[in-house]
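Colleague: model35.cif (mmCIF, C-alpha atoms) pasted underneath:
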data_my_file
loop_
_atom_site.label_atom_id
_atom_site.label_comp_id
_atom_site.auth_asym_id
_atom_site.auth_seq_id
_atom_site.Cartn_x
_atom_site.Cartn_y
_atom_site.Cartn_z
CA MET P 1 126.90 -70.38 134.55
CA LYS P 2 130.40 -68.98 134.01
CA ILE P 3 131.62 -72.31 132.56
CA LYS P 4 128.72 -72.36 130.10
CA SER P 5 129.54 -68.79 128.96
CA LEU P 6 133.22 -69.66 128.60
CA SER P 7 132.34 -72.78 126.61
CA MET P 8 130.11 -70.77 124.27
CA PHE P 9 132.91 -68.21 123.79
CA VAL P 10 135.44 -70.93 122.92
CA ILE P 11 133.03 -72.53 120.44
CA ALA P 12 132.21 -69.17 118.85
CA ALA P 13 135.89 -68.21 118.59
CA THR P 14 136.72 -71.58 117.01
CA LEU P 15 133.95 -71.18 114.43
CA VAL P 16 135.06 -67.65 113.56
CA GLY P 17 138.64 -68.87 113.19
CA CYS P 18 137.56 -71.69 110.89
CA ALA P 19 135.39 -69.38 108.80
CA SER P 20 138.18 -66.85 108.31
CA THR P 21 140.72 -69.43 107.13
CA GLN P 22 138.29 -71.42 105.00
CA GLY P 23 138.88 -70.50 101.38
CA ALA P 24 142.23 -68.88 102.12
CA ARG P 25 144.75 -69.77 99.44
CA VAL P 26 148.26 -70.66 100.45
CA GLU P 27 150.80 -69.79 97.77
CA SER P 28 154.36 -71.04 97.80
CA CYS P 29 156.90 -68.64 96.39
CA LYS P 30 159.34 -69.66 93.67
CA ALA P 31 162.88 -68.90 94.70
CA THR P 32 164.51 -66.64 92.10
CA THR P 33 167.43 -64.30 91.64
CA GLU P 34 168.00 -60.98 89.92
CA GLN P 35 170.15 -62.86 87.41
CA GLU P 36 167.27 -65.21 86.51
CA ILE P 37 164.90 -62.27 86.02
CA ALA P 38 167.51 -60.39 83.96
CA SER P 39 167.82 -63.45 81.70
CA LEU P 40 164.12 -63.13 80.84
CA PHE P 41 164.95 -60.06 78.75
CA ASP P 42 167.56 -62.14 76.92
CA ARG P 43 164.90 -64.80 76.26
CA TRP P 44 162.53 -62.13 74.92
CA ASN P 45 165.29 -60.54 72.81
CA GLN P 46 166.26 -63.94 71.36
CA SER P 47 162.64 -64.46 70.32
CA LEU P 48 162.78 -61.09 68.50
CA LEU P 49 165.80 -62.29 66.56
CA THR P 50 163.80 -65.23 65.17
CA GLY P 51 161.61 -62.75 63.29
CA ASP P 52 158.56 -64.81 64.32
CA PRO P 53 155.88 -62.74 66.13
CA HIS P 54 154.31 -65.93 67.53
CA LYS P 55 157.57 -66.79 69.33
CA VAL P 56 157.75 -63.29 70.81
CA VAL P 57 154.15 -63.47 72.04
CA ALA P 58 154.90 -66.82 73.71
CA ASN P 59 156.78 -64.79 76.36
CA TYR P 60 153.54 -63.12 77.48
CA ALA P 61 150.90 -64.47 79.85
CA GLU P 62 147.45 -65.05 78.36
CA ARG P 63 146.15 -62.15 80.47
CA SER P 64 148.76 -59.46 79.92
CA ILE P 65 149.14 -55.99 78.47
CA LEU P 66 151.68 -54.62 76.02
CA LEU P 67 152.01 -50.83 75.90
CA PRO P 68 154.38 -50.59 72.93
CA THR P 69 156.77 -47.86 71.83
CA VAL P 70 155.59 -47.37 68.26
CA SER P 71 151.83 -47.77 68.63
CA ASN P 72 149.18 -45.86 70.54
CA LYS P 73 147.04 -48.98 70.91
CA PRO P 74 147.37 -51.11 74.07
CA ARG P 75 147.68 -54.78 73.07
CA LEU P 76 145.67 -57.10 75.31
CA THR P 77 145.08 -60.30 73.36
CA PRO P 78 147.69 -62.63 71.87
CA ALA P 79 146.37 -61.71 68.39
CA GLU P 80 146.81 -57.98 69.09
CA LYS P 81 150.35 -58.54 70.37
CA GLU P 82 151.17 -60.70 67.36
CA ASP P 83 149.89 -57.97 65.04
CA TYR P 84 152.15 -55.41 66.74
CA PHE P 85 155.24 -57.62 66.60
CA HIS P 86 154.56 -58.57 62.97
CA HIS P 87 155.19 -54.91 62.07
CA PHE P 88 157.88 -54.25 64.70
CA LEU P 89 159.98 -57.19 63.52
CA GLU P 90 160.07 -56.01 59.89
CA ASN P 91 163.20 -53.91 60.58
CA ARG P 92 164.91 -56.78 62.47
CA PRO P 93 165.30 -55.21 65.94
CA SER P 94 167.74 -56.27 68.61
CA GLY P 95 167.66 -54.83 72.11
CA ALA P 96 170.44 -54.12 74.59
CA ILE P 97 169.97 -53.13 78.23
CA ASP P 98 171.65 -49.83 79.18
CA LEU P 99 170.42 -49.63 82.80
CA ARG P 100 168.21 -51.94 84.83
CA THR P 101 166.67 -52.33 88.24
CA ILE P 102 165.03 -55.55 89.37
CA GLU P 103 162.54 -56.02 92.18
CA LEU P 104 161.69 -59.53 93.37
CA GLY P 105 158.42 -60.59 94.97
CA CYS P 106 156.51 -63.79 95.68
CA ASN P 107 156.05 -65.29 92.21
CA THR P 108 156.35 -61.82 90.70
CA ALA P 109 159.21 -59.67 89.52
CA VAL P 110 159.72 -56.27 87.93
CA ASN P 111 162.55 -55.40 85.54
CA ALA P 112 162.66 -51.70 84.64
CA GLY P 113 165.22 -49.43 83.08
CA LEU P 114 166.62 -48.17 79.81
CA TYR P 115 167.34 -50.03 76.61
CA THR P 116 168.49 -49.35 73.07
CA PHE P 117 167.21 -51.07 69.97
CA THR P 118 169.30 -51.42 66.85
CA PHE P 119 167.39 -52.16 63.66
CA ALA P 120 169.49 -54.33 61.34
CA LYS P 121 167.46 -53.47 58.24
CA THR P 122 167.86 -49.69 58.57
CA GLY P 123 170.82 -49.28 60.93
CA ALA P 124 168.69 -46.98 63.12
CA LYS P 125 169.10 -46.92 66.89
CA VAL P 126 166.30 -46.00 69.26
CA SER P 127 166.74 -45.50 72.99
CA GLY P 128 163.80 -46.17 75.25
CA ARG P 129 162.48 -46.78 78.72
CA TYR P 130 160.93 -50.09 79.69
CA THR P 131 159.11 -51.92 82.44
CA TYR P 132 158.43 -55.64 82.38
CA THR P 133 156.39 -57.29 85.11
CA TYR P 134 156.56 -61.06 85.36
CA ARG P 135 154.52 -63.74 87.08
CA TRP P 136 155.58 -67.32 87.79
CA ASN P 137 152.78 -69.57 86.51
CA GLY P 138 154.04 -72.76 88.15
CA SER P 139 156.33 -73.75 85.29
CA GLU P 140 157.75 -70.56 83.74
CA TRP P 141 158.04 -66.81 84.11
CA LEU P 142 155.73 -64.91 81.76
CA ILE P 143 155.32 -61.21 81.07
CA THR P 144 152.13 -59.80 82.59
CA SER P 145 152.77 -56.21 81.55
CA HIS P 146 155.30 -54.60 79.25
CA HIS P 147 155.54 -50.84 78.87
CA SER P 148 158.00 -49.30 76.47
CA SER P 149 158.45 -45.69 75.40
CA ALA P 150 161.03 -43.79 73.41
CA MET P 151 163.26 -41.41 75.34
CA PRO P 152 161.64 -37.96 75.23
CA GLU P 153 164.88 -35.99 74.96
CA LYS P 154 167.20 -36.43 71.99
CA LYS P 155 170.90 -36.80 72.72
#
Using structure tokens, write down the structure that the file contains.
Modeller:
Amino acid sequence: MKIKSLSMFVIAATLVGCASTQGARVESCKATTEQEIASLFDRWNQSLLTGDPHKVVANYAERSILLPTVSNKPRLTPAEKEDYFHHFLENRPSGAIDLRTIELGCNTAVNAGLYTFTFAKTGAKVSGRYTYTYRWNGSEWLITSHHSSAMPEKK
């Protein structure tokens, strides 16, 4: 009788173990460095310099959010982001990082800090805070969220 009970326990435990791992997704993590993640801002900034909103939006994942500096409207779709950048690019902006911190995860990364934009058309400079979150999609890093806001205190 004890052997039968032990056998039933082993079978039940095996079935529970199989059920709990069935459907589990195993994800391999892309090896990355802070330098690689920092270079993603340079890629984004270079796309700004083209003046082409479509090239800027190509840095963003299909499902992503842009919370821009000079608009109250969150931009969720590629068309909404393109609309924002169409207007933002009119003054020919170029960004420079003033302070950054980078956090690395499994196929994710966060780059947050301070940056300054210089607008070639007007000569204006605007300092702001930023956060970019990135996700590795299997072939490239794309922005999944981008928050930017002007510095609240004037120098």
Colleague: If you apply the PyMOL selection byres ((chain P and resi 127-141) around 10) to this file, what residues do you get, as a PDB file with C-alpha atoms, keeping the file's coordinate frame?
Modeller:
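What ended up in expr_20.pdb:
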ATOM      1  CA  SER P  28     154.360 -71.040  97.800  1.00  0.00           C
ATOM      2  CA  CYS P  29     156.900 -68.640  96.390  1.00  0.00           C
ATOM      3  CA  LYS P  30     159.340 -69.660  93.670  1.00  0.00           C
ATOM      4  CA  THR P  32     164.510 -66.640  92.100  1.00  0.00           C
ATOM      5  CA  GLU P  36     167.270 -65.210  86.510  1.00  0.00           C
ATOM      6  CA  ILE P  37     164.900 -62.270  86.020  1.00  0.00           C
ATOM      7  CA  LEU P  40     164.120 -63.130  80.840  1.00  0.00           C
ATOM      8  CA  PHE P  41     164.950 -60.060  78.750  1.00  0.00           C
ATOM      9  CA  ASN P  59     156.780 -64.790  76.360  1.00  0.00           C
ATOM     10  CA  TYR P  60     153.540 -63.120  77.480  1.00  0.00           C
ATOM     11  CA  ALA P  61     150.900 -64.470  79.850  1.00  0.00           C
ATOM     12  CA  SER P  64     148.760 -59.460  79.920  1.00  0.00           C
ATOM     13  CA  ILE P  65     149.140 -55.990  78.470  1.00  0.00           C
ATOM     14  CA  LEU P  66     151.680 -54.620  76.020  1.00  0.00           C
ATOM     15  CA  LEU P  67     152.010 -50.830  75.900  1.00  0.00           C
ATOM     16  CA  PRO P  68     154.380 -50.590  72.930  1.00  0.00           C
ATOM     17  CA  THR P  69     156.770 -47.860  71.830  1.00  0.00           C
ATOM     18  CA  GLY P  95     167.660 -54.830  72.110  1.00  0.00           C
ATOM     19  CA  ALA P  96     170.440 -54.120  74.590  1.00  0.00           C
ATOM     20  CA  ILE P  97     169.970 -53.130  78.230  1.00  0.00           C
ATOM     21  CA  ASP P  98     171.650 -49.830  79.180  1.00  0.00           C
ATOM     22  CA  LEU P  99     170.420 -49.630  82.800  1.00  0.00           C
ATOM     23  CA  ARG P 100     168.210 -51.940  84.830  1.00  0.00           C
ATOM     24  CA  THR P 101     166.670 -52.330  88.240  1.00  0.00           C
ATOM     25  CA  ILE P 102     165.030 -55.550  89.370  1.00  0.00           C
ATOM     26  CA  GLU P 103     162.540 -56.020  92.180  1.00  0.00           C
ATOM     27  CA  LEU P 104     161.690 -59.530  93.370  1.00  0.00           C
ATOM     28  CA  GLY P 105     158.420 -60.590  94.970  1.00  0.00           C
ATOM     29  CA  CYS P 106     156.510 -63.790  95.680  1.00  0.00           C
ATOM     30  CA  ASN P 107     156.050 -65.290  92.210  1.00  0.00           C
ATOM     31  CA  THR P 108     156.350 -61.820  90.700  1.00  0.00           C
ATOM     32  CA  ALA P 109     159.210 -59.670  89.520  1.00  0.00           C
ATOM     33  CA  VAL P 110     159.720 -56.270  87.930  1.00  0.00           C
ATOM     34  CA  ASN P 111     162.550 -55.400  85.540  1.00  0.00           C
ATOM     35  CA  ALA P 112     162.660 -51.700  84.640  1.00  0.00           C
ATOM     36  CA  GLY P 113     165.220 -49.430  83.080  1.00  0.00           C
ATOM     37  CA  LEU P 114     166.620 -48.170  79.810  1.00  0.00           C
ATOM     38  CA  TYR P 115     167.340 -50.030  76.610  1.00  0.00           C
ATOM     39  CA  THR P 116     168.490 -49.350  73.070  1.00  0.00           C
ATOM     40  CA  PHE P 117     167.210 -51.070  69.970  1.00  0.00           C
ATOM     41  CA  THR P 118     169.300 -51.420  66.850  1.00  0.00           C
ATOM     42  CA  LYS P 125     169.100 -46.920  66.890  1.00  0.00           C
ATOM     43  CA  VAL P 126     166.300 -46.000  69.260  1.00  0.00           C
ATOM     44  CA  LEU P 142     155.730 -64.910  81.760  1.00  0.00           C
ATOM     45  CA  ILE P 143     155.320 -61.210  81.070  1.00  0.00           C
ATOM     46  CA  THR P 144     152.130 -59.800  82.590  1.00  0.00           C
ATOM     47  CA  SER P 145     152.770 -56.210  81.550  1.00  0.00           C
ATOM     48  CA  HIS P 146     155.300 -54.600  79.250  1.00  0.00           C
ATOM     49  CA  HIS P 147     155.540 -50.840  78.870  1.00  0.00           C
ATOM     50  CA  SER P 148     158.000 -49.300  76.470  1.00  0.00           C
ATOM     51  CA  SER P 149     158.450 -45.690  75.400  1.00  0.00           C
ATOM     52  CA  ALA P 150     161.030 -43.790  73.410  1.00  0.00           C
ATOM     53  CA  MET P 151     163.260 -41.410  75.340  1.00  0.00           C
ATOM     54  CA  PRO P 152     161.640 -37.960  75.230  1.00  0.00           C
ATOM     55  CA  GLU P 153     164.880 -35.990  74.960  1.00  0.00           C
ATOM     56  CA  LYS P 154     167.200 -36.430  71.990  1.00  0.00           C
ATOM     57  CA  LYS P 155     170.900 -36.800  72.720  1.00  0.00           C
TER      58      LYS P 155
END
Colleague: Once 8 Å is added on each side, what centre and edge lengths in Å to one decimal does the axis-aligned box around all listed atoms of range 74-93 of chain P have, as JSON?
Modeller:
{"center_x": 155.2, "center_y": -56.9, "center_z": 67.6, "size_x": 36.2, "size_y": 27.5, "size_z": 31.4}
Colleague: Using the chain letters and numbers from the file, give me the residues hit by the PyMOL selection byres ((chain P and resi 88) around 10), as a list in words.
Modeller: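 Against this file, the PyMOL selection byres ((chain P and resi 88) around 10) returns the residues Leu48, Gly51, Pro53, Pro68, Thr69, Val70, Ser71, Glu82, Asp83, Tyr84, Phe85, His86, His87, Leu89, Glu90, Asn91, Arg92, Pro93 and Phe119 of chain P.
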Colleague: Tell me, in Å to one decimal, how far CA of Ala58 in chain P is from CA of Thr77 in chain P.
Modeller: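 Computing it gives 11.8 Å between the two atoms.
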Colleague: To one decimal place, how far is CA of Trp44 in chain P from CA of Val57 in chain P in Å?
Modeller: 9.0 Å
Colleague: Mind giving me the straight-line distance from CA of Asp42 in chain P to CA of Glu62 in chain P in Å, one decimal?
Modeller: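 A separation of 20.4 Å between them.
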